[in-house]
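Printed here is input.txt (compact mmCIF, C-alpha atoms):
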# COMPACT_ATOMS: atom_id res chain seq x y z
CA LEU A 242 102.70 107.81 95.48
CA ILE A 243 104.20 106.93 98.85
CA TYR A 244 104.24 103.18 98.56
CA SER A 245 102.79 100.51 96.30
CA PHE A 246 102.47 97.17 98.09
CA ASP A 247 104.87 94.58 96.67
CA ARG A 248 102.33 91.89 97.49
CA ILE A 249 98.66 91.93 98.26
CA PRO A 250 97.42 89.72 101.09
CA ASN A 251 95.39 86.61 100.34
CA ALA A 252 91.60 86.82 100.58
CA SER A 253 91.50 85.94 104.29
CA GLY A 254 94.15 88.59 105.01
CA TYR A 255 92.22 91.56 103.60
CA LYS A 256 89.10 92.72 105.41
CA PRO A 257 87.53 96.03 104.40
CA VAL A 258 84.71 97.10 106.73
CA LEU A 259 82.42 100.09 106.34
CA ASP A 260 81.71 101.06 109.97
CA SER A 261 78.61 103.08 110.75
CA ILE A 262 78.79 105.83 113.31
CA GLN A 263 75.26 105.70 114.62
CA VAL A 264 72.92 106.50 117.46
CA ASN A 265 70.24 104.03 118.50
CA HIS A 266 67.05 105.39 120.07
CA LYS A 267 64.78 103.12 122.07
CA LEU A 268 61.26 104.38 121.42
CA SER A 269 58.39 104.36 123.89
CA ASN A 270 56.63 101.54 122.07
CA GLY A 271 59.70 99.28 122.51
CA SER A 272 61.02 99.55 118.97
CA THR A 273 64.39 100.98 118.04
CA ARG A 274 65.22 103.78 115.64
CA THR A 275 68.76 104.00 114.27
CA GLN A 276 70.22 107.24 113.02
CA ILE A 277 73.36 106.78 110.94
CA ILE A 278 75.52 109.86 111.34
CA GLU A 279 78.43 108.85 109.15
CA GLU A 280 80.25 105.87 107.70
CA ARG A 281 84.00 105.27 107.89
CA TRP A 282 86.24 102.64 106.31
CA ARG A 283 88.43 100.31 108.32
CA PHE A 284 90.93 98.04 106.61
CA ASP A 285 92.53 95.03 108.30
CA LEU A 286 95.47 93.55 106.39
CA ARG A 287 97.40 90.48 107.49
CA TYR A 288 100.57 89.34 105.78
CA GLU A 289 102.73 86.23 106.03
CA PHE A 290 106.08 85.30 104.50
CA LEU A 291 107.24 88.84 103.72
CA ASP A 292 110.85 89.44 102.76
CA SER A 293 112.95 91.97 104.63
CA THR A 294 112.67 94.53 101.79
CA MET A 295 108.88 94.75 102.11
CA VAL A 296 109.17 94.88 105.92
CA THR A 297 111.59 97.82 105.56
CA ASN A 298 109.19 99.60 103.18
CA LEU A 299 106.26 99.03 105.52
CA ARG A 300 108.33 100.36 108.44
CA ALA A 301 109.03 103.56 106.47
CA LEU A 302 105.28 103.97 105.88
CA TYR A 303 104.58 103.31 109.58
CA ASN A 304 107.24 105.81 110.64
CA ARG A 305 105.47 108.63 108.77
CA ARG A 306 102.99 108.71 111.69
CA GLY A 307 100.64 110.78 109.59
CA GLY A 308 97.73 110.12 107.35
CA PHE A 309 97.84 109.01 103.75
CA ILE A 310 95.41 108.05 101.00
CA PHE A 311 94.83 104.30 100.78
CA THR A 312 93.69 102.79 97.52
CA PRO A 313 93.46 99.06 98.09
CA PHE A 314 95.58 97.21 95.62
CA ASN A 315 95.17 99.52 92.68
CA THR A 316 95.28 97.45 89.53
CA GLY A 317 93.79 98.19 86.16
CA THR A 318 91.28 95.37 86.38
CA GLY A 319 90.88 94.63 90.09
CA TRP A 320 90.30 98.00 91.73
CA ASP A 321 87.06 97.99 93.72
CA GLY A 322 86.63 101.77 93.74
CA ILE A 323 87.42 102.23 97.43
CA ILE A 324 89.69 105.12 98.31
CA ALA A 325 90.05 106.69 101.75
CA PRO A 326 92.32 108.96 103.80
CA VAL A 327 93.63 106.73 106.61
CA VAL A 328 96.03 106.43 109.52
CA TRP A 329 97.93 103.32 110.60
CA GLU A 330 96.26 102.48 113.92
CA ASN A 331 98.08 99.46 115.39
CA ASP A 332 101.69 98.86 116.42
CA PHE A 333 104.30 97.71 113.92
CA ASP A 334 104.49 93.95 114.45
CA PHE A 335 106.35 92.66 111.39
CA TYR A 336 109.38 91.40 113.30
CA LYS A 337 108.00 87.94 114.01
CA TYR A 338 108.92 85.03 111.76
CA SER A 339 106.21 83.28 109.75
CA GLU A 340 107.68 79.88 110.57
CA ASN A 341 110.51 78.43 112.67
CA ALA A 342 113.01 79.10 109.88
CA SER A 343 114.01 82.76 109.70
CA THR A 344 114.36 82.45 105.91
CA ALA A 345 110.59 81.88 105.61
CA GLY A 346 109.96 85.59 106.07
CA PHE A 347 107.97 87.76 108.44
CA SER A 348 104.32 88.06 109.47
CA GLY A 349 102.33 90.98 110.73
CA SER A 350 99.16 93.02 110.45
CA ILE A 351 98.11 96.52 109.49
CA LYS A 352 94.96 98.25 110.74
CA LEU A 353 94.00 101.35 108.82
CA LEU A 354 91.24 103.69 110.02
CA GLU A 355 89.62 106.32 107.84
CA THR A 356 90.16 109.89 108.97
CA GLU A 357 88.34 113.12 108.15
CA PRO A 358 88.47 113.83 104.42

Would you mind writing the file out in C-alpha cells?
Amino acid sequence: LIYSFDRIPNASGYKPVLDSIQVNHKLSNGSTRTQIIEERWRFDLRYEFLDSTMVTNLRALYNRRGGFIFTPFNTGTGWDGIIAPVVWENDFDFYKYSENASTAGFSGSIKLLETEP
C-alpha cells in the first residue's frame, strides 16, 4: 500500500471513464464499422478544501513518477470492482487555495491513465 486517500472526492469530483482504443472504417456503402482494439481506464479526480497533510501525501505520490495500482476508494461496502495500473498524467496543481482564506485548504486535480498491465 503506497497511499490510502484521506478523503474521497464528492460525486462531481470523481469521473471514471473507460476509453476505447478503436479504429473506424468507412465502408463503401456509406456505413461505418468500428473495431475496438482495447479499452483503458481514465480517472479524473478533483479535490477542494484539502489540508496541508493530504497535499504533502499527494505530492509524495506524484514525486514517485512511476506507475502504481489504483483501486478507487477501497471500502468494504463501496468498492466498485475497478482496479488498474496507472500513471499520474497531469501536473501537480494542489498549491492553489480553495477560497480567499488560506485556512480553507487547497484545491487541485489528479488525472490517472491506465498503463499496460

Nearest residue to Asn251 in chain A from the set A:Trp329, A:Phe314, A:Tyr288, A:Tyr303 (distances using all atoms listed in the file):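 Of A:Trp329, A:Phe314, A:Tyr288, A:Tyr303, the one nearest Asn251 in chain A is A:Tyr288, counting all atoms listed in the file.
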
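We find CA of Leu354 in chain A and CA of Leu259 in chain A to be spaced 10.2 Å apart.
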
Could you give me, as a ChimeraX atom specification, the residues within 10 Å of range 282-286 of chain A, counting only C-alpha atoms and dropping anything in the same chain fewer than 5 positions from it? /A:249-261,311,313,323-330,349-356

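Shortest separation to Ile243 in chain A among A:Thr275, A:Leu299, A:Asp292, A:Gly322 occurs at residue A:Leu299, atoms counted being all atoms listed in the file.
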
Correct to one decimal, the distance CA of Asn331 in chain A-CA of Gln263 in chain A is 23.7 Å

Considering only C-alpha atoms, state which residue in the set A:Ser343, A:Ser245, A:Asn270, A:Asn265 is at the smallest distance from Ile310 in chain A.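 Of the candidates, the smallest distance to Ile310 in chain A is held by A:Ser245.
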
Just want the 10 Å neighbourhood of Asn298 in chain A, counted on all atoms listed in the file, with same-chain residues fewer than 3 positions away dropped. Output as a list in words. Ile243, Tyr244, Ser245, Phe246, Asp247, Ser293, Thr294, Met295, Ala301, Leu302, Tyr303 and Asn304 of chain A

Can you work out which one of A:Asp334, A:Arg287, A:Glu357, A:Glu279 has the shortest atom-to-atom distance to Arg300 in chain A, counting only C-alpha atoms?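 The shortest atom-to-atom distance to Arg300 in chain A comes from A:Asp334.
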
Using all atoms listed in the file, the best pick from A:Val296, A:Thr312, A:Glu280, A:Arg305 as closest to Phe335 in chain A would be A:Val296
